[in-house]
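K.L.:
Dumping the structure here so I can ask a few things about it.
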Amino acid sequence: MHRRVAYLKCATLALVLLVTIPGAVTRAQELDKAAADFHFTDVDNQVLQDSKAIDQQYLKKGLVMQDPQLQAYLDSIGKRIIGNRTIPDQVEFKFMVLRDPMVQAFALPNGSVYVTTGLLSLLEDESQLSAVLGHETAHVFERHGYLENRSVRKKALTLNTLQIVASAAPTGGNLSQSVQLFGAAVQLGAAVSSGIIVASVFGYSREMEHQADSDGLIALSNASYDPEAMARAFELLDEDSSLEYEPIQGFYRDHPKLTERREFALQYASRHKADKPEADDKKTYADNTAAAICSEIQLDLSSRRERTAVDRASKLSAMFPDNPTYKVLLADSYRSLGAKTKLPSSDERSKHGQAEHRKEYFSMTPDEEQKRLLEKTDGQAALRDNEATAEQLYKSALQSNPNYADAHRGLGFLLEMEGRYSDAATEYQSYLSMVAGTSMDHLRIERRLATVQKLSGAPMQSR
Amino acid sequence: MTLKFRLLAILCTVGFLTVNAQAITPSWSYESPKVTSGEFQIRTVCMMPVEGKLSKVTMKGGQGMSNESDNWTATLENMVEAHLKTAGVQILQASDAMASAASDEEIRQVIVQLNQKYEDVANQLNKHPKDIRKSRFTLGDDAALLPCAAKSDVLVFVQGEGQVTSGGKKAMGMLVGGNSNFSSATLVLTMADVKTGEILAFARLSNEESFGEKFVDQTESVYGKALDKQFSRLRIGMYLDKKKH
């Protein structure tokens, strides 16, 4: 009996493999052929125009970072990853950094490759960034943007036709509803932006992503980077996803796929060790991407991602312990944490906890969230700890450089928050005496100084 | 074809189109009593970069309208600024360094940060806009980082989002029902106190059109009057003086 069940299982598995493997191979071959035989149609030309327009929009909106050191670093890695491959028609590779806390990278069909500050601040070294660029450039080489757009158009047309047929059919009600429900994702994506962006950000088809991973790994090897870096990048993405609630989960955070992709990268790496593996220099990476990481920390603090800010600033500060800028950024991050703990509790990580967090994110303002946390003893303890850590960091930065204006300003904010108005006034005065009247924050601090001076005359207010 | 049959066919068509045609939907706005009472006066505004996003839905799915979006953004910006000027309000640009020593890159960073904060606040603002009256929403005093903050009263966010539905898709929508038988657009106007960041006004002007896309071609005729009405409610610029006398 057992033997019969085992045979049956084997037979089923064989049947499944017989059906799926040739299918997958055929699909991969089809993709290769499609890229090789690619010819521009009117639809593709429209996609190309859209890509160029998107580039312009990002630039116009000030989303593209323009830091010479960062740009030179990114360009050099991009050049190395592309190597001496033939650049496809109508492609001009450009590598850019987007000011965006979402952990993401994507390539437009015209060759513009974007990496967000969110992703740059998460990665640890050059080879991991190369893995990301290898994957993204593969989408461009393989013409995935154009092919996916054609495919989505076909699907949408079929869905619409089905919808008409369904509405006319006797069982129209239910069928129509289910088709609408299914089509909602495509329609929503289409309404948000053009198909290429949706696919680029939220992922192409499984086969295309697999092909991009595969090509990316080959490019990594060819550029003498360790292919294992791709697996490590996937690992980091997986670990980081538990730090913060995210209203939108991008493709790079797609959990089950991430595990599979990591396994695939590890398998490849075990077979193809780089000829000349480079010594991973985390410090060089952090130094070259510091502008993006600092920008990211500010963006995190502006979008209620204080835990991420603490994480990124901690890394930077640990790498360059004598740099007062990074120390102050870390202090700012601890100050902004308020009554939140540095890491989410196990309750917050549970399914129920995440659902609660989601509810709070959409229903409470940051102040209300802090007030709610302070109702509990845990929250009060977290606030005390965070404030103490922040104060110690500000003071440490001032010890190494007493004329560091930003440290005085941050300390002033902290003391004002604690209700120590007179001390806050002293710090604000120090800040104002050190910066020129034309500095960006002059006006704000002058106003704050006036407020705390007024308050310091009055009796101390409880929080 | 007999005359009776023709008349019947015309009546049916008109009836069908009337049922499916969508009227302009009502717009709404919420303001802080500080503004409507005249306690907080708006004479100079700092314009954040206007965002206009258009997308097209066809039988073959979504299509980008990047160039059209660019043009629409410029149209929206010109229109809002023209109406503000008519109301006697002085306009400054958030991206302008003015007399400060701020670099373009620093200003860009602050603008992106403020937009992030705004997006975050918008999550609650969209759900409970009435709470503006209770001073519930704020961007924080980061707003004062912009060089324009020194000389303005409020920061103005203008966001337009439109969905252009193709003829085929509209026809399909009419056949099968649902909400795909019209093109629609929404213009959101938000004003925040430049010193404290408090959200003082939030207006949403929406419209849906079964035929054509006037919000793209004739933006002024669609939103112009609603904007004047909104500015009058807010008693900005000359409207404050008018009510006084």
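Each chain in the structure tokens gets a letter, A, B, ..., in the order shown, and its residues are numbered from 1; ligands are numbered from 1 in order too.
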Assign secondary structure with DSSP using the backbone only, and return the residues of segment 176-230 of chain B in alpha helix (DSSP H) as an NGL selection string.

P.N.:
:B and (176 or 214-217 or 219-230)

K.L.:
Print the selection's residues with C-alpha atoms to a file, as a PDB file, in the first residue's frame.

P.N.:
```pdb
ATOM      1  CA  VAL B 176     -21.467  46.744 -18.636  1.00  0.00           C
ATOM      2  CA  LYS B 214     -12.777  69.562 -20.279  1.00  0.00           C
ATOM      3  CA  PHE B 215     -10.506  69.435 -17.260  1.00  0.00           C
ATOM      4  CA  VAL B 216      -7.605  69.004 -19.683  1.00  0.00           C
ATOM      5  CA  ASP B 217      -8.686  71.271 -22.559  1.00  0.00           C
ATOM      6  CA  THR B 219      -9.198  73.782 -17.212  1.00  0.00           C
ATOM      7  CA  GLU B 220     -10.121  77.373 -16.445  1.00  0.00           C
ATOM      8  CA  SER B 221     -13.805  76.897 -17.251  1.00  0.00           C
ATOM      9  CA  VAL B 222     -13.932  73.771 -15.085  1.00  0.00           C
ATOM     10  CA  TYR B 223     -12.125  75.042 -11.989  1.00  0.00           C
ATOM     11  CA  GLY B 224     -11.959  78.844 -12.306  1.00  0.00           C
ATOM     12  CA  LYS B 225     -15.199  79.757 -10.526  1.00  0.00           C
ATOM     13  CA  ALA B 226     -14.708  77.123  -7.846  1.00  0.00           C
ATOM     14  CA  LEU B 227     -11.268  78.535  -7.086  1.00  0.00           C
ATOM     15  CA  ASP B 228     -12.604  82.099  -6.758  1.00  0.00           C
ATOM     16  CA  LYS B 229     -15.323  80.825  -4.452  1.00  0.00           C
ATOM     17  CA  GLN B 230     -12.734  78.993  -2.398  1.00  0.00           C
TER      18      GLN B 230
END
```

K.L.:
Expressed in Å to a single decimal, how great is the separation between atom CA of Ala286 of chain A and atom CA of Leu316 of chain A?

P.N.:
7.0 Å

K.L.:
Report as a PDB file with C-alpha atoms, in the first residue's frame all protein, DNA and RNA residues lying within 8 Å of Val47 of chain A, evaluated on only C-alpha atoms, omitting residues in the same chain fewer than 3 positions from it.

P.N.:
```pdb
ATOM      1  CA  VAL A  43       3.499  51.079 -29.064  1.00  0.00           C
ATOM      2  CA  ASP A  44       7.180  50.661 -28.151  1.00  0.00           C
ATOM      3  CA  ASP A  50       7.171  57.985 -21.849  1.00  0.00           C
ATOM      4  CA  SER A  51      10.480  56.851 -20.379  1.00  0.00           C
ATOM      5  CA  PRO A 109      13.473  50.885 -21.145  1.00  0.00           C
ATOM      6  CA  TYR A 146       8.728  46.796 -23.947  1.00  0.00           C
ATOM      7  CA  ILE A 196       6.269  50.328 -17.668  1.00  0.00           C
TER       8      ILE A 196
END
```

K.L.:
For a quick check of understanding, using only C-alpha atoms, which of A:Leu374, A:Ala34, A:Val64, A:Leu220 has the smallest distance to chain B?

P.N.:
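Nearest candidate to chain B out of A:Leu374, A:Ala34, A:Val64, A:Leu220: A:Val64.
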
K.L.:
Contacts of segment 128-145 of chain B at 7 Å or less, counting only C-alpha atoms, minus same-chain residues fewer than 2 places along, as a list in words?

P.N.:
Met440, Asp441, Leu443 and Arg444 of chain A; Tyr30, Glu31, Ser32, Pro33, Leu114, Lys117, Tyr118, Val121, Gln124, Leu125, Asn126, Pro147, Ala149, Val194, Lys195, Thr196, Gly197, Glu198, Ile199 and Leu200 of chain B

K.L.:
Which residues come within 8 Å of Thr117 of chain A, counting only C-alpha atoms, excluding same-chain residues fewer than 5 positions away, as a PyMOL selection string?

P.N.:
chain A and resi 97-103+292-293+295-296

K.L.:
Could you save those same residues with N, CA and C atoms as a short mmCIF file (atom, residue, chain, number, x, y, z; two decimals), in the first residue's frame?

P.N.:
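And here is the file that came out, out24.cif:
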```cif
data_model
loop_
_atom_site.label_atom_id
_atom_site.label_comp_id
_atom_site.auth_asym_id
_atom_site.auth_seq_id
_atom_site.Cartn_x
_atom_site.Cartn_y
_atom_site.Cartn_z
N VAL A 97 20.32 58.51 -8.64
CA VAL A 97 19.82 58.24 -7.29
C VAL A 97 18.56 59.07 -7.07
N LEU A 98 17.49 58.41 -6.67
CA LEU A 98 16.23 59.09 -6.40
C LEU A 98 16.07 59.34 -4.92
N ARG A 99 15.65 60.54 -4.57
CA ARG A 99 15.35 60.82 -3.15
C ARG A 99 14.01 60.15 -2.83
N ASP A 100 14.06 58.99 -2.25
CA ASP A 100 12.83 58.25 -1.95
C ASP A 100 13.13 57.21 -0.87
N PRO A 101 12.38 57.24 0.24
CA PRO A 101 12.67 56.27 1.31
C PRO A 101 12.25 54.84 0.97
N MET A 102 11.45 54.67 -0.06
CA MET A 102 11.04 53.31 -0.45
C MET A 102 12.28 52.54 -0.93
N VAL A 103 12.47 51.35 -0.40
CA VAL A 103 13.64 50.55 -0.78
C VAL A 103 13.38 49.98 -2.17
N ALA A 292 23.76 60.30 0.05
CA ALA A 292 22.45 59.66 -0.12
C ALA A 292 21.91 59.15 1.21
N ILE A 293 22.80 58.60 2.04
CA ILE A 293 22.35 58.06 3.33
C ILE A 293 21.87 59.20 4.24
N SER A 295 20.68 62.09 3.26
CA SER A 295 19.41 62.55 2.70
C SER A 295 18.29 61.59 3.11
N GLU A 296 18.61 60.30 3.07
CA GLU A 296 17.62 59.28 3.41
C GLU A 296 17.18 59.39 4.87
#
```

K.L.:
Separation of atom CA of Lys60 of chain A and atom CA of Pro49 of chain B, in Å?

P.N.:
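Straight-line distance from atom CA of Lys60 of chain A to atom CA of Pro49 of chain B works out to 9.3 Å.
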
K.L.:
Using Å and a single decimal, report how far atom CA of Val328 of chain A sits from atom CA of Glu418 of chain A.

P.N.:
17.9 Å

K.L.:
Based on DSSP run over this structure's backbone, return all residues of segment 109-210 of chain B in strand (DSSP E), as a VMD selection string.

P.N.:
chain B and resid 154 to 165 183 to 193 199 to 209

K.L.:
Give me the residues within 8 Å of Gln41 of chain B as a list in words, counting only C-alpha atoms and dropping any in the same chain fewer than 5 places off.

P.N.:
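After dropping sequence-adjacent residues, the list is Val35, Asp153, Arg235, Ile236, Gly237 and Leu240 of chain B.
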
K.L.:
Identify which of the residues B:Leu54, B:Ala192, B:Val89, B:Cys46 lies closest to chain A, counting only C-alpha atoms when measuring atom-to-atom distances.

P.N.:
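Result for the nearest residue to chain A: B:Leu54.
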
K.L.:
If we count only C-alpha atoms, what is near Ala390 of chain A at a cut-off of 10 Å, once residues fewer than 3 positions away on the same chain are taken out, given as a PyMOL selection string?

P.N.:
chain A and resi 327-337+384-387+393-396+410-411+414

K.L.:
Could you write out the selected residues, including C-alpha atoms, as a PDB file, in the first residue's frame?

P.N.:
```
ATOM      1  CA  LYS A 327      26.606  61.647  15.385  1.00  0.00           C
ATOM      2  CA  VAL A 328      24.113  64.522  15.288  1.00  0.00           C
ATOM      3  CA  LEU A 329      21.988  62.692  12.714  1.00  0.00           C
ATOM      4  CA  LEU A 330      21.893  59.715  15.063  1.00  0.00           C
ATOM      5  CA  ALA A 331      20.960  61.974  17.957  1.00  0.00           C
ATOM      6  CA  ASP A 332      18.196  63.571  15.824  1.00  0.00           C
ATOM      7  CA  SER A 333      16.897  60.090  15.031  1.00  0.00           C
ATOM      8  CA  TYR A 334      16.787  59.056  18.711  1.00  0.00           C
ATOM      9  CA  ARG A 335      15.083  62.327  19.601  1.00  0.00           C
ATOM     10  CA  SER A 336      12.455  61.726  16.913  1.00  0.00           C
ATOM     11  CA  LEU A 337      11.811  58.180  18.153  1.00  0.00           C
ATOM     12  CA  ARG A 384      13.455  58.476  28.797  1.00  0.00           C
ATOM     13  CA  ASP A 385      16.022  56.167  27.178  1.00  0.00           C
ATOM     14  CA  ASN A 386      15.812  57.814  23.776  1.00  0.00           C
ATOM     15  CA  GLU A 387      16.088  61.309  25.199  1.00  0.00           C
ATOM     16  CA  LEU A 393      25.210  62.034  21.495  1.00  0.00           C
ATOM     17  CA  TYR A 394      24.682  65.791  21.068  1.00  0.00           C
ATOM     18  CA  LYS A 395      27.056  66.483  23.946  1.00  0.00           C
ATOM     19  CA  SER A 396      29.625  64.080  22.548  1.00  0.00           C
ATOM     20  CA  GLY A 410      19.455  69.576  17.920  1.00  0.00           C
ATOM     21  CA  LEU A 411      20.165  69.849  21.627  1.00  0.00           C
ATOM     22  CA  LEU A 414      15.576  68.138  22.675  1.00  0.00           C
TER      23      LEU A 414
END
```

K.L.:
Considering only C-alpha atoms, state which residue in the set B:Thr44, B:Asn115, B:Ser37, B:Thr75 is at the smallest distance from chain A.

P.N.:
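Of all the options, B:Asn115 lies closest to chain A.
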
K.L.:
Which residue, A:Arg150, A:Leu299, A:Asn323, A:Tyr431, has the smallest gap to Thr116 of chain A when you use only C-alpha atoms?

P.N.:
A:Leu299
